[in-house]
$ cat final-v7.cif   # mmCIF, C-alpha atoms
data_model
loop_
_atom_site.label_atom_id
_atom_site.label_comp_id
_atom_site.auth_asym_id
_atom_site.auth_seq_id
_atom_site.Cartn_x
_atom_site.Cartn_y
_atom_site.Cartn_z
CA PRO Z 82 -26.45 -14.42 -17.71
CA VAL Z 83 -25.26 -14.65 -21.32
CA ASN Z 84 -24.76 -11.76 -23.70
CA ASN Z 85 -23.50 -12.27 -27.23
CA LEU Z 86 -22.90 -8.57 -27.86
CA ASN Z 87 -19.55 -7.86 -29.53
CA LEU Z 88 -18.01 -4.53 -28.57
CA ALA Z 89 -15.30 -2.72 -30.54
CA VAL Z 90 -13.66 0.38 -29.09
CA ASN Z 91 -11.75 2.55 -31.57
CA ASN Z 92 -11.05 6.10 -32.72
CA GLY Z 93 -9.85 7.05 -29.22
CA ALA Z 94 -13.23 6.27 -27.62
CA LEU Z 95 -13.66 5.78 -23.87
CA VAL Z 96 -16.08 3.15 -22.60
CA ASN Z 97 -16.79 3.01 -18.87
CA PHE Z 98 -18.35 -0.14 -17.44
CA ALA Z 99 -20.14 0.60 -14.17
CA VAL Z 100 -21.27 -2.99 -13.57
CA THR Z 101 -20.28 -6.55 -14.48
CA GLN Z 102 -20.35 -7.19 -18.23
CA HIS Z 103 -21.12 -10.38 -20.18
CA LEU Z 104 -19.89 -9.95 -23.74
CA GLY Z 105 -19.02 -11.99 -26.78
CA GLN Z 106 -15.92 -10.27 -28.11
CA LEU Z 107 -14.25 -7.20 -26.63
CA THR Z 108 -11.79 -5.51 -28.98
CA VAL Z 109 -9.96 -2.27 -28.23
CA SER Z 110 -7.97 -1.13 -31.24
CA ASN Z 111 -7.64 2.55 -30.28
CA GLY Z 112 -9.17 3.79 -27.05
CA LEU Z 113 -9.93 2.63 -23.52
CA ALA Z 114 -12.45 0.23 -22.01
CA LYS Z 115 -12.48 0.66 -18.24
CA LEU Z 116 -14.19 -1.43 -15.57
CA GLY Z 117 -15.01 0.85 -12.63
CA ALA Z 118 -13.21 0.13 -9.37
CA GLY Z 119 -14.86 -1.64 -6.45
CA GLY Z 120 -17.96 -3.74 -6.19
CA ASN Z 121 -16.47 -7.14 -7.09
CA LYS Z 122 -17.08 -6.61 -10.82
CA THR Z 123 -16.04 -8.76 -13.78
CA ILE Z 124 -15.78 -8.54 -17.54
CA LYS Z 125 -16.71 -11.98 -18.88
CA VAL Z 126 -16.03 -12.54 -22.58
CA THR Z 127 -15.46 -15.27 -25.14
CA SER Z 128 -12.51 -13.38 -26.63
CA VAL Z 129 -10.58 -10.24 -25.79
CA LEU Z 130 -8.04 -8.24 -27.77
CA ALA Z 131 -6.44 -4.91 -26.86
CA THR Z 132 -3.62 -4.22 -29.29
CA GLY Z 133 -3.67 -0.49 -30.00
CA GLY Z 134 -5.66 0.45 -26.88
CA LYS Z 135 -6.23 -0.47 -23.26
CA ILE Z 136 -8.60 -2.57 -21.17
CA ASP Z 137 -8.36 -1.30 -17.59
CA LEU Z 138 -9.56 -3.77 -14.94
CA THR Z 139 -8.77 -1.35 -12.07
CA ASN Z 140 -9.14 -3.61 -8.98
CA ASN Z 141 -11.48 -6.13 -10.57
CA ARG Z 142 -11.48 -9.22 -12.81
CA LEU Z 143 -11.61 -10.64 -16.32
CA ILE Z 144 -12.86 -14.05 -17.42
CA ALA Z 145 -12.11 -15.24 -20.95
CA ASP Z 146 -14.28 -18.30 -21.57
CA TYR Z 147 -13.15 -20.53 -24.42
CA SER Z 148 -14.18 -23.77 -26.07
CA PRO Z 149 -12.26 -26.77 -24.65
CA GLY Z 150 -8.88 -27.21 -26.28
CA ASN Z 151 -8.64 -23.61 -27.49
CA SER Z 152 -7.15 -21.75 -24.53
CA SER Z 153 -6.54 -18.03 -24.96
CA ILE Z 154 -3.95 -17.84 -22.18
CA VAL Z 155 -1.06 -17.04 -24.55
CA SER Z 156 -2.84 -14.04 -26.04
CA ILE Z 157 -4.04 -12.81 -22.65
CA ARG Z 158 -0.58 -13.18 -21.11
CA GLN Z 159 0.95 -11.23 -23.99
CA GLN Z 160 -1.62 -8.46 -23.56
CA ILE Z 161 -0.90 -8.27 -19.82
CA ILE Z 162 2.86 -8.11 -20.45
CA SER Z 163 2.32 -5.40 -23.06
CA GLY Z 164 0.16 -3.42 -20.62
CA TYR Z 165 2.70 -3.93 -17.81
CA ASN Z 166 5.25 -2.13 -19.99
CA SER Z 167 8.35 -3.17 -18.04
CA ALA Z 168 10.64 -0.85 -20.03
CA GLY Z 169 8.58 2.26 -19.35
CA THR Z 170 5.84 3.53 -17.07
CA LEU Z 171 4.52 0.42 -15.34
CA TRP Z 172 0.97 -0.43 -16.43
CA GLY Z 173 1.15 2.37 -18.98
CA GLY Z 174 1.28 0.25 -22.12
CA ASN Z 175 -1.40 -0.86 -24.53
CA GLY Z 176 -3.07 -4.12 -23.61
CA ILE Z 177 -4.75 -5.38 -20.44
CA ILE Z 178 -3.83 -3.06 -17.58
CA SER Z 179 -4.76 -2.05 -14.04
CA SER Z 180 -4.70 1.64 -13.20
CA THR Z 181 -5.09 0.56 -9.56
CA ALA Z 182 -1.90 -1.53 -9.76
CA ALA Z 183 -0.18 1.44 -11.40
CA GLY Z 184 -0.57 3.23 -8.07
CA SER Z 185 1.44 0.53 -6.25
CA PRO Z 186 3.30 -1.44 -8.94
CA THR Z 187 5.87 -2.89 -6.55
CA ALA Z 188 3.14 -4.59 -4.49
CA THR Z 189 0.23 -5.33 -6.82
CA GLY Z 190 -0.40 -6.44 -10.38
CA LEU Z 191 -2.60 -8.59 -12.59
CA GLY Z 192 -2.45 -12.31 -11.90
CA TYR Z 193 -3.69 -14.85 -14.42
CA ALA Z 194 -4.21 -18.59 -14.67
CA GLU Z 195 -6.31 -21.30 -16.23
CA ALA Z 196 -9.53 -21.91 -14.31
CA SER Z 197 -8.66 -25.62 -14.26
CA GLU Z 198 -5.44 -24.79 -12.37
CA ILE Z 199 -7.30 -22.80 -9.74
CA PHE Z 200 -10.49 -24.84 -9.33
CA GLY Z 201 -9.90 -28.14 -11.13
CA ALA Z 202 -11.52 -29.41 -14.30
CA GLY Z 203 -15.04 -28.79 -12.97
CA GLY Z 204 -14.49 -25.07 -12.43
CA GLY Z 205 -15.80 -22.98 -9.55
CA VAL Z 206 -16.78 -19.45 -8.55
CA PHE Z 207 -14.44 -16.58 -9.47
CA GLY Z 208 -15.56 -13.39 -7.80
CA SER Z 209 -19.30 -13.48 -8.34
CA GLU Z 210 -19.18 -15.54 -11.56
CA ASN Z 211 -19.44 -19.26 -12.19
CA VAL Z 212 -16.70 -20.60 -14.46
CA ASP Z 213 -16.00 -24.00 -15.93
CA GLY Z 214 -12.53 -25.43 -16.37
CA SER Z 215 -12.08 -23.95 -19.85
CA ALA Z 216 -11.53 -20.29 -19.04
CA VAL Z 217 -8.63 -17.94 -18.40
CA LEU Z 218 -8.93 -15.95 -15.19
CA VAL Z 219 -7.34 -12.54 -14.59
CA ARG Z 220 -7.57 -10.41 -11.48
CA TYR Z 221 -5.98 -7.49 -9.69
CA THR Z 222 -4.11 -8.96 -6.76
CA LEU Z 223 -0.97 -8.89 -4.65
CA LEU Z 224 2.31 -9.86 -6.25
CA GLY Z 225 2.96 -13.38 -4.97
CA ASP Z 226 -0.65 -14.53 -5.13
CA ALA Z 227 -0.13 -17.50 -7.45
CA THR Z 228 -3.51 -19.04 -6.58
CA LEU Z 229 -5.55 -15.86 -7.29
CA ASP Z 230 -7.37 -15.95 -3.96
CA GLY Z 231 -6.28 -12.46 -2.89
CA VAL Z 232 -3.96 -13.78 -0.17
CA VAL Z 233 -0.22 -14.46 -0.23
CA ASP Z 234 0.39 -17.50 1.96
CA PHE Z 235 2.07 -20.90 2.17
CA ASN Z 236 0.12 -22.24 -0.81
CA ASP Z 237 1.68 -19.56 -3.00
CA LEU Z 238 5.13 -20.22 -1.58
CA VAL Z 239 4.77 -23.89 -2.51
CA LYS Z 240 3.91 -22.95 -6.11
CA LEU Z 241 7.02 -20.80 -6.34
CA ALA Z 242 9.27 -23.34 -4.61
CA GLN Z 243 8.21 -26.09 -7.03
CA ASN Z 244 9.40 -23.96 -9.95
CA TYR Z 245 12.30 -22.04 -8.44
CA ASN Z 246 15.28 -21.47 -10.74
CA THR Z 247 13.37 -22.66 -13.80
CA THR Z 248 12.41 -20.98 -17.04
CA VAL Z 249 8.69 -21.59 -16.84
CA SER Z 250 8.20 -20.10 -20.30
CA ALA Z 251 9.88 -23.23 -21.69
CA SER Z 252 7.46 -25.64 -20.03
CA THR Z 253 4.08 -23.92 -19.64
CA GLN Z 254 2.00 -21.03 -20.90
CA SER Z 255 0.67 -20.29 -17.41
CA TRP Z 256 3.63 -18.47 -15.90
CA TRP Z 257 2.00 -16.59 -13.01
CA ASN Z 258 0.50 -19.71 -11.45
CA ARG Z 259 4.01 -21.23 -11.43
CA GLY Z 260 5.52 -18.33 -9.49
CA ASP Z 261 6.52 -15.78 -12.14
CA PHE Z 262 5.32 -12.50 -10.65
CA THR Z 263 7.62 -10.27 -12.73
CA TYR Z 264 6.21 -11.31 -16.13
CA ASP Z 265 9.59 -12.40 -17.54
CA GLY Z 266 9.00 -16.16 -17.87
CA VAL Z 267 11.59 -17.06 -15.21
CA VAL Z 268 11.05 -17.95 -11.55
CA ASP Z 269 14.02 -16.57 -9.64
CA PHE Z 270 15.07 -14.46 -6.67
CA ASN Z 271 13.16 -11.43 -7.97
CA ASP Z 272 9.92 -13.42 -7.67
CA ILE Z 273 10.80 -14.55 -4.14
CA LEU Z 274 11.26 -10.90 -3.20
CA LYS Z 275 7.80 -10.01 -4.53
CA LEU Z 276 6.19 -12.85 -2.61
CA ALA Z 277 8.18 -12.12 0.57
CA GLN Z 278 7.13 -8.45 0.57
CA ASN Z 279 3.47 -9.50 0.61
CA TYR Z 280 3.70 -12.71 2.64
CA ASN Z 281 0.73 -13.17 5.00
CA ALA Z 282 -0.96 -10.13 3.46
CA ALA Z 283 -4.42 -10.07 1.89
CA LEU Z 284 -6.38 -7.69 -0.30
CA PRO Z 285 -9.15 -5.76 1.45
CA SER Z 286 -12.37 -7.75 1.31
#
$ encode --input "final-v7.cif" --output "structure tokens"
Amino acid sequence: PVNNLNLAVNNGALVNFAVTQHLGQLTVSNGLAKLGAGGNKTIKVTSVLATGGKIDLTNNRLIADYSPGNSSIVSIRQQIISGYNSAGTLWGGNGIISSTAAGSPTATGLGYAEASEIFGAGGGVFGSENVDGSAVLVRYTLLGDATLDGVVDFNDLVKLAQNYNTTVSASTQSWWNRGDFTYDGVVDFNDILKLAQNYNAALPS
């Protein structure tokens, strides 16, 4: 399904999404757009911006589809880092957040990656949605889940090991997929700890 509706949330408004949404642009300048927990739901958009407000994915997903060559991963990563709010209440900042992760911030968070990194150039199925290779994927998951499959296993350890002791922010825009689970642009011992705490664990189906 395709929906070109553009939605702007401002003036402190609250928008609750009970089901999967297909939107053009989603902008939250002052307020909250929340995707209800459970049910394998997704917000699929062509662009997303939450600067003075919040987009709460709870335990679900976001797909930002873009035209080839115009990746939005930098903007989305910045919005996740802003929402993570490392200097204050975790997941209490403005930006893209997860109120579910806020309940267990030492074990869960929002992972993100290019669809081409997860599925290859041809894309695949993310949750219940088909995606091509030119999309940014975000989901609530376990810290350490570099591959965004909801499981922390050897494949994730390999991703981290390949980038250990490197400043991934200097070489790529896709930090999480390279093993940065603390949102600081560096893959180090702190990231190993996050992965080790969840190793061989999986999200509930």
$ resolve_selection --input "final-v7.cif" --expression "the PyMOL selection byres ((chain Z and resi 134) around 6)" --output "PyMOL selection string"
chain Z and resi 109-113+131-133+135+175
$ atom_distance --input "final-v7.cif" --atom1 "atom CA of Z:Ala242" --atom2 "atom CA of Z:Ala145"
28.1 Å
$ closest_residue --input "final-v7.cif" --among "Z:Thr248, Z:Asn85, Z:Asn141, Z:Ser153" --to "Z:Val217" --atoms "all atoms listed in the file"
Z:Ser153
$ residues_near_point --input "final-v7.cif" --point "(2.1, -5.2, -27.4)" --cutoff "8 Å" --atoms "only C-alpha atoms" --output "PyMOL selection string"
chain Z and resi 132-133+159-160+162-164+174-176
$ atom_distance --input "final-v7.cif" --atom1 "atom CA of Z:Ile177" --atom2 "atom CA of Z:Asn279"
23.0 Å
$ closest_residue --input "final-v7.cif" --among "Z:Asn236, Z:Thr187, Z:Gln278, Z:Thr247" --to "Z:Gly266" --atoms "only C-alpha atoms"
Z:Thr247
$ atom_distance --input "final-v7.cif" --atom1 "atom CA of Z:Gly192" --atom2 "atom CA of Z:Ala89"
24.6 Å
$ decode --input "final-v7.cif" --residues "stretch 132-169 of chain Z" --atoms "N, CA, C and O atoms" --output "mmCIF file, in the first residue's frame"
data_model
loop_
_atom_site.group_PDB
_atom_site.id
_atom_site.type_symbol
_atom_site.label_atom_id
_atom_site.label_comp_id
_atom_site.auth_asym_id
_atom_site.auth_seq_id
_atom_site.Cartn_x
_atom_site.Cartn_y
_atom_site.Cartn_z
ATOM 1 N N THR Z 132 12.176 17.119 15.576
ATOM 2 C CA THR Z 132 13.176 18.003 16.167
ATOM 3 C C THR Z 132 12.734 18.528 17.522
ATOM 4 O O THR Z 132 13.459 18.412 18.503
ATOM 5 N N GLY Z 133 11.547 19.111 17.586
ATOM 6 C CA GLY Z 133 11.058 19.643 18.852
ATOM 7 C C GLY Z 133 10.048 18.747 19.526
ATOM 8 O O GLY Z 133 9.405 19.133 20.492
ATOM 9 N N GLY Z 134 9.881 17.516 19.019
ATOM 10 C CA GLY Z 134 8.922 16.562 19.574
ATOM 11 C C GLY Z 134 9.470 15.151 19.498
ATOM 12 O O GLY Z 134 10.669 14.948 19.293
ATOM 13 N N LYS Z 135 8.584 14.173 19.641
ATOM 14 C CA LYS Z 135 9.013 12.784 19.733
ATOM 15 C C LYS Z 135 8.205 11.899 18.788
ATOM 16 O O LYS Z 135 6.994 12.087 18.624
ATOM 17 N N ILE Z 136 8.881 10.917 18.208
ATOM 18 C CA ILE Z 136 8.239 9.804 17.516
ATOM 19 C C ILE Z 136 8.582 8.551 18.312
ATOM 20 O O ILE Z 136 9.751 8.163 18.394
ATOM 21 N N ASP Z 137 7.581 7.943 18.922
ATOM 22 C CA ASP Z 137 7.779 6.797 19.809
ATOM 23 C C ASP Z 137 7.414 5.519 19.059
ATOM 24 O O ASP Z 137 6.250 5.279 18.742
ATOM 25 N N LEU Z 138 8.420 4.682 18.803
ATOM 26 C CA LEU Z 138 8.188 3.415 18.094
ATOM 27 C C LEU Z 138 7.798 2.289 19.039
ATOM 28 O O LEU Z 138 7.498 1.191 18.571
ATOM 29 N N THR Z 139 7.789 2.528 20.325
ATOM 30 C CA THR Z 139 7.542 1.490 21.351
ATOM 31 C C THR Z 139 8.386 0.253 21.015
ATOM 32 O O THR Z 139 9.607 0.333 21.013
ATOM 33 N N ASN Z 140 7.748 -0.902 20.720
ATOM 34 C CA ASN Z 140 8.531 -2.101 20.380
ATOM 35 C C ASN Z 140 8.354 -2.477 18.917
ATOM 36 O O ASN Z 140 8.371 -3.660 18.556
ATOM 37 N N ASN Z 141 8.224 -1.457 18.073
ATOM 38 C CA ASN Z 141 7.962 -1.707 16.655
ATOM 39 C C ASN Z 141 9.029 -1.093 15.753
ATOM 40 O O ASN Z 141 10.172 -0.962 16.161
ATOM 41 N N ARG Z 142 8.651 -0.701 14.522
ATOM 42 C CA ARG Z 142 9.641 -0.404 13.485
ATOM 43 C C ARG Z 142 9.323 0.872 12.716
ATOM 44 O O ARG Z 142 8.189 1.335 12.689
ATOM 45 N N LEU Z 143 10.373 1.366 12.056
ATOM 46 C CA LEU Z 143 10.269 2.514 11.158
ATOM 47 C C LEU Z 143 11.028 2.182 9.883
ATOM 48 O O LEU Z 143 12.132 1.616 9.941
ATOM 49 N N ILE Z 144 10.432 2.519 8.751
ATOM 50 C CA ILE Z 144 11.111 2.416 7.458
ATOM 51 C C ILE Z 144 11.079 3.788 6.808
ATOM 52 O O ILE Z 144 10.003 4.373 6.640
ATOM 53 N N ALA Z 145 12.248 4.315 6.479
ATOM 54 C CA ALA Z 145 12.341 5.583 5.756
ATOM 55 C C ALA Z 145 12.833 5.272 4.347
ATOM 56 O O ALA Z 145 14.021 5.007 4.133
ATOM 57 N N ASP Z 146 11.909 5.269 3.402
ATOM 58 C CA ASP Z 146 12.227 4.955 2.014
ATOM 59 C C ASP Z 146 12.742 6.217 1.330
ATOM 60 O O ASP Z 146 12.164 7.289 1.493
ATOM 61 N N TYR Z 147 13.811 6.100 0.569
ATOM 62 C CA TYR Z 147 14.367 7.278 -0.086
ATOM 63 C C TYR Z 147 14.721 6.957 -1.529
ATOM 64 O O TYR Z 147 14.845 5.783 -1.916
ATOM 65 N N SER Z 148 14.877 7.992 -2.330
ATOM 66 C CA SER Z 148 15.282 7.786 -3.713
ATOM 67 C C SER Z 148 16.757 7.400 -3.733
ATOM 68 O O SER Z 148 17.555 7.914 -2.926
ATOM 69 N N PRO Z 149 17.166 6.487 -4.612
ATOM 70 C CA PRO Z 149 18.558 6.018 -4.626
ATOM 71 C C PRO Z 149 19.550 7.172 -4.666
ATOM 72 O O PRO Z 149 19.391 8.142 -5.402
ATOM 73 N N GLY Z 150 20.569 7.058 -3.806
ATOM 74 C CA GLY Z 150 21.593 8.091 -3.735
ATOM 75 C C GLY Z 150 21.308 9.207 -2.758
ATOM 76 O O GLY Z 150 22.131 10.108 -2.584
ATOM 77 N N ASN Z 151 20.162 9.160 -2.095
ATOM 78 C CA ASN Z 151 19.774 10.230 -1.166
ATOM 79 C C ASN Z 151 19.418 9.652 0.203
ATOM 80 O O ASN Z 151 18.345 9.926 0.744
ATOM 81 N N SER Z 152 20.303 8.862 0.763
ATOM 82 C CA SER Z 152 20.029 8.206 2.039
ATOM 83 C C SER Z 152 19.758 9.213 3.145
ATOM 84 O O SER Z 152 20.409 10.263 3.239
ATOM 85 N N SER Z 153 18.807 8.875 3.998
ATOM 86 C CA SER Z 153 18.467 9.712 5.152
ATOM 87 C C SER Z 153 19.063 9.174 6.448
ATOM 88 O O SER Z 153 18.645 9.572 7.533
ATOM 89 N N ILE Z 154 20.063 8.299 6.355
ATOM 90 C CA ILE Z 154 20.557 7.631 7.557
ATOM 91 C C ILE Z 154 21.222 8.611 8.523
ATOM 92 O O ILE Z 154 21.132 8.440 9.740
ATOM 93 N N VAL Z 155 21.852 9.668 8.017
ATOM 94 C CA VAL Z 155 22.486 10.633 8.921
ATOM 95 C C VAL Z 155 21.436 11.332 9.774
ATOM 96 O O VAL Z 155 21.555 11.411 11.000
ATOM 97 N N SER Z 156 20.382 11.813 9.142
ATOM 98 C CA SER Z 156 19.316 12.490 9.879
ATOM 99 C C SER Z 156 18.647 11.552 10.865
ATOM 100 O O SER Z 156 18.383 11.925 12.018
ATOM 101 N N ILE Z 157 18.370 10.333 10.443
ATOM 102 C CA ILE Z 157 17.689 9.383 11.326
ATOM 103 C C ILE Z 157 18.585 9.008 12.501
ATOM 104 O O ILE Z 157 18.129 8.943 13.650
ATOM 105 N N ARG Z 158 19.861 8.787 12.234
ATOM 106 C CA ARG Z 158 20.790 8.486 13.333
ATOM 107 C C ARG Z 158 20.838 9.635 14.330
ATOM 108 O O ARG Z 158 20.806 9.425 15.549
ATOM 109 N N GLN Z 159 20.910 10.856 13.843
ATOM 110 C CA GLN Z 159 20.944 12.014 14.736
ATOM 111 C C GLN Z 159 19.672 12.114 15.570
ATOM 112 O O GLN Z 159 19.732 12.469 16.758
ATOM 113 N N GLN Z 160 18.541 11.790 14.980
ATOM 114 C CA GLN Z 160 17.279 11.845 15.725
ATOM 115 C C GLN Z 160 17.206 10.745 16.782
ATOM 116 O O GLN Z 160 16.649 10.948 17.864
ATOM 117 N N ILE Z 161 17.767 9.582 16.475
ATOM 118 C CA ILE Z 161 17.819 8.497 17.468
ATOM 119 C C ILE Z 161 18.747 8.888 18.622
ATOM 120 O O ILE Z 161 18.408 8.701 19.798
ATOM 121 N N ILE Z 162 19.911 9.440 18.296
ATOM 122 C CA ILE Z 162 20.855 9.855 19.343
ATOM 123 C C ILE Z 162 20.236 10.942 20.212
ATOM 124 O O ILE Z 162 20.379 10.938 21.443
ATOM 125 N N SER Z 163 19.537 11.885 19.590
ATOM 126 C CA SER Z 163 18.857 12.935 20.355
ATOM 127 C C SER Z 163 17.806 12.334 21.274
ATOM 128 O O SER Z 163 17.694 12.709 22.450
ATOM 129 N N GLY Z 164 17.020 11.391 20.759
ATOM 130 C CA GLY Z 164 16.003 10.740 21.581
ATOM 131 C C GLY Z 164 16.598 9.899 22.693
ATOM 132 O O GLY Z 164 16.046 9.836 23.803
ATOM 133 N N TYR Z 165 17.757 9.258 22.419
ATOM 134 C CA TYR Z 165 18.432 8.427 23.421
ATOM 135 C C TYR Z 165 18.845 9.264 24.631
ATOM 136 O O TYR Z 165 18.758 8.801 25.771
ATOM 137 N N ASN Z 166 19.307 10.494 24.378
ATOM 138 C CA ASN Z 166 19.528 11.453 25.463
ATOM 139 C C ASN Z 166 20.518 10.910 26.495
ATOM 140 O O ASN Z 166 20.210 10.808 27.686
ATOM 141 N N SER Z 167 21.731 10.604 26.036
ATOM 142 C CA SER Z 167 22.712 9.929 26.893
ATOM 143 C C SER Z 167 23.081 10.722 28.140
ATOM 144 O O SER Z 167 23.507 10.142 29.140
ATOM 145 N N ALA Z 168 22.933 12.042 28.114
ATOM 146 C CA ALA Z 168 23.310 12.865 29.262
ATOM 147 C C ALA Z 168 22.184 13.035 30.274
ATOM 148 O O ALA Z 168 22.391 13.641 31.328
ATOM 149 N N GLY Z 169 21.008 12.484 29.961
ATOM 150 C CA GLY Z 169 19.869 12.646 30.868
ATOM 151 C C GLY Z 169 19.084 11.361 31.017
ATOM 152 O O GLY Z 169 19.664 10.266 31.043
#
